[in-house]
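Peer 1: One structure, pasted below without further comment.
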Amino acid sequence: MAYVALDTVQGLISAFGWTKADNGAAHASMDLDASVGYVGEVYGDYIKYAGIDHFSGTVAEIGPGDNFGVSLLMRKGGAEEVFAIDRFYSRRDEASQDKIYEALSQKHDMADLFDGVPSEKNILNLHYKYGEPAETFFADREQEYDALVSRAVFEHLFDPIKVLRDTTEKLKPGGVQVHEIDLRDHGMFFGHHPLTFLTVSKGLYRLMTKNAGRPNRVMNHVYKDWLQASGLDFEIRIKGLVGVDVSFEPDTWDNLDTALKSKAIKIVQDIRPALSAEFTDVADEELAASIVILVLKKQNDT
Ligand SMILES: C[S@@+](CC[C@H](N)C(=O)[O-])C[C@H]1O[C@@H](n2cnc3c(N)ncnc32)[C@H](O)[C@@H]1O
């Protein structure tokens, strides 16, 4: 019930057009070294998963949050321009952010990507578009992209499949998309079975989450079904498994370690009798994925 109340408050805030949010303030809790490392890690993951060694042309980063370091590394690698698209303006401390940009500029020799001293406002060819959800942003514009990426964003979208449809329509032939999606409950039922949030009925869950950006419960099977029907070249790499604490190299389900998969399946089966109706027919394997990476490619002749 507390989540329903909090969600109602968030709905009122949004109705008044307030777009500042703590969601996406990833760097607020990091020191300088951690921030620089995080930016490098996220960028490195994108190129690794996309199977490229650099970005080029026009790129969109959906939901970048409070820092544009990843966009900068894309520019450094060869992207001509980056659109950073965010529903909210994540809170940030300008002085700390300037230090991150200064450190990134030095580390990666990027002074030429700023119009003046390294700072958010001086990044050349970065188009920061905040205050509008991805659900309308892509559909309402003609702009096309060579690549679109996101991390920890799709689970917060109120219509992620619409966004996937729209971004795919705006992806140029030969282009690639990489979306890392965290399918966990984001601490909503901390201390309980990790899939407790899937036991809440559809109607109640909607009241708990529709305004506040809490996880949308669009699970792996929904993305897989859409991708299979799309005719695109795609891969779903699993980066996390339910109830499995060890980290492993993201890979397709078939290639993952059998013992880890069995452990996650068992944890899904433990809660299966209590699942909300919309999940009762979903295969164990689909609910066992806790973090997934969607990699989509549009062929040149598409
Ligand atoms: C958890 S943060 C992730 C930030 C960053 N990508 C990272 O990995 O640190 C989620 C981001 O998605 C953005 N977001 C949430 N709903 C959105 C929507 N409907 N359209 C566009 N961005 C959205 C939030 O404002 C926030 O910046």
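Each chain in the structure tokens gets a letter, A, B and so on, in the order shown; residues start at 1 in every chain, and ligands are counted from 1 in the order they appear.
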Which residues, written as a ChimeraX atom specification, have at least one atom at most 9 Å from range 184-188 of chain A, with only C-alpha atoms counted and residues fewer than 3 positions away on the same chain left out?

Peer 2: /A:3,155,191,194-198,214-215,217,242,289-291

Peer 1: If you run DSSP on the backbone, which residues of range 89-257 of chain A are strand (DSSP E), as a PyMOL selection string?

Peer 2: chain A and resi 89-90+126-130+145-151+171-182+233-241

Peer 1: List every residue of chain A that has an atom at most 8 Å from any atom of ligand 1, and for each one report the closest atom pair and its distance in Å to one decimal, counting only C-alpha atoms and all ligand atoms, with rows sorted by chain and then by increasing residue number, as JSON lines.

Peer 2:
```
{"residue": "A:Ala21", "atom": "CA", "partner": "ligand 1", "partner_atom_place_in_ligand_line": "25 (O)", "distance": 6.9}
{"residue": "A:Asn23", "atom": "CA", "partner": "ligand 1", "partner_atom_place_in_ligand_line": "26 (C)", "distance": 5.2}
{"residue": "A:Gly24", "atom": "CA", "partner": "ligand 1", "partner_atom_place_in_ligand_line": "2 (S)", "distance": 3.5}
{"residue": "A:Ala25", "atom": "CA", "partner": "ligand 1", "partner_atom_place_in_ligand_line": "4 (C)", "distance": 7.0}
{"residue": "A:Ala26", "atom": "CA", "partner": "ligand 1", "partner_atom_place_in_ligand_line": "9 (O)", "distance": 5.0}
{"residue": "A:His27", "atom": "CA", "partner": "ligand 1", "partner_atom_place_in_ligand_line": "9 (O)", "distance": 7.6}
{"residue": "A:Val42", "atom": "CA", "partner": "ligand 1", "partner_atom_place_in_ligand_line": "8 (O)", "distance": 7.5}
{"residue": "A:Ile62", "atom": "CA", "partner": "ligand 1", "partner_atom_place_in_ligand_line": "22 (N)", "distance": 5.9}
{"residue": "A:Gly63", "atom": "CA", "partner": "ligand 1", "partner_atom_place_in_ligand_line": "12 (O)", "distance": 3.8}
{"residue": "A:Pro64", "atom": "CA", "partner": "ligand 1", "partner_atom_place_in_ligand_line": "6 (N)", "distance": 4.2}
{"residue": "A:Gly65", "atom": "CA", "partner": "ligand 1", "partner_atom_place_in_ligand_line": "27 (O)", "distance": 3.3}
{"residue": "A:Asp66", "atom": "CA", "partner": "ligand 1", "partner_atom_place_in_ligand_line": "27 (O)", "distance": 6.8}
{"residue": "A:Ile85", "atom": "CA", "partner": "ligand 1", "partner_atom_place_in_ligand_line": "21 (C)", "distance": 6.0}
{"residue": "A:Asp86", "atom": "CA", "partner": "ligand 1", "partner_atom_place_in_ligand_line": "22 (N)", "distance": 3.9}
{"residue": "A:Arg87", "atom": "CA", "partner": "ligand 1", "partner_atom_place_in_ligand_line": "21 (C)", "distance": 4.1}
{"residue": "A:Phe88", "atom": "CA", "partner": "ligand 1", "partner_atom_place_in_ligand_line": "25 (O)", "distance": 4.2}
{"residue": "A:Tyr89", "atom": "CA", "partner": "ligand 1", "partner_atom_place_in_ligand_line": "25 (O)", "distance": 6.4}
{"residue": "A:Ser90", "atom": "CA", "partner": "ligand 1", "partner_atom_place_in_ligand_line": "27 (O)", "distance": 6.0}
{"residue": "A:Tyr130", "atom": "CA", "partner": "ligand 1", "partner_atom_place_in_ligand_line": "21 (C)", "distance": 7.9}
{"residue": "A:Glu132", "atom": "CA", "partner": "ligand 1", "partner_atom_place_in_ligand_line": "20 (N)", "distance": 6.6}
{"residue": "A:Pro133", "atom": "CA", "partner": "ligand 1", "partner_atom_place_in_ligand_line": "20 (N)", "distance": 3.5}
{"residue": "A:Ala134", "atom": "CA", "partner": "ligand 1", "partner_atom_place_in_ligand_line": "20 (N)", "distance": 3.8}
{"residue": "A:Glu135", "atom": "CA", "partner": "ligand 1", "partner_atom_place_in_ligand_line": "19 (N)", "distance": 6.0}
{"residue": "A:Ser150", "atom": "CA", "partner": "ligand 1", "partner_atom_place_in_ligand_line": "6 (N)", "distance": 5.9}
{"residue": "A:Arg151", "atom": "CA", "partner": "ligand 1", "partner_atom_place_in_ligand_line": "6 (N)", "distance": 4.5}
{"residue": "A:Ala152", "atom": "CA", "partner": "ligand 1", "partner_atom_place_in_ligand_line": "3 (C)", "distance": 4.7}
{"residue": "A:Val153", "atom": "CA", "partner": "ligand 1", "partner_atom_place_in_ligand_line": "12 (O)", "distance": 4.3}
{"residue": "A:Phe154", "atom": "CA", "partner": "ligand 1", "partner_atom_place_in_ligand_line": "12 (O)", "distance": 7.5}
{"residue": "A:His156", "atom": "CA", "partner": "ligand 1", "partner_atom_place_in_ligand_line": "16 (N)", "distance": 5.0}
{"residue": "A:Leu157", "atom": "CA", "partner": "ligand 1", "partner_atom_place_in_ligand_line": "19 (N)", "distance": 4.4}
{"residue": "A:Phe158", "atom": "CA", "partner": "ligand 1", "partner_atom_place_in_ligand_line": "19 (N)", "distance": 6.2}
{"residue": "A:Asp159", "atom": "CA", "partner": "ligand 1", "partner_atom_place_in_ligand_line": "19 (N)", "distance": 7.7}
{"residue": "A:Gly213", "atom": "CA", "partner": "ligand 1", "partner_atom_place_in_ligand_line": "16 (N)", "distance": 6.2}
```

Peer 1: Rank nothing, just name the residue among A:Glu180, A:Asp109, A:Glu142, A:Glu286 nearest to Asp225 in chain A, using only C-alpha atoms.

Peer 2: A:Glu286

Peer 1: Could you tell me which of A:Ala95, A:Ala28, A:Val59, A:Leu204 comes closest to Gly77 in chain A if we count only C-alpha atoms?

Peer 2: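 So, comparing all the options, the nearest one is A:Val59.
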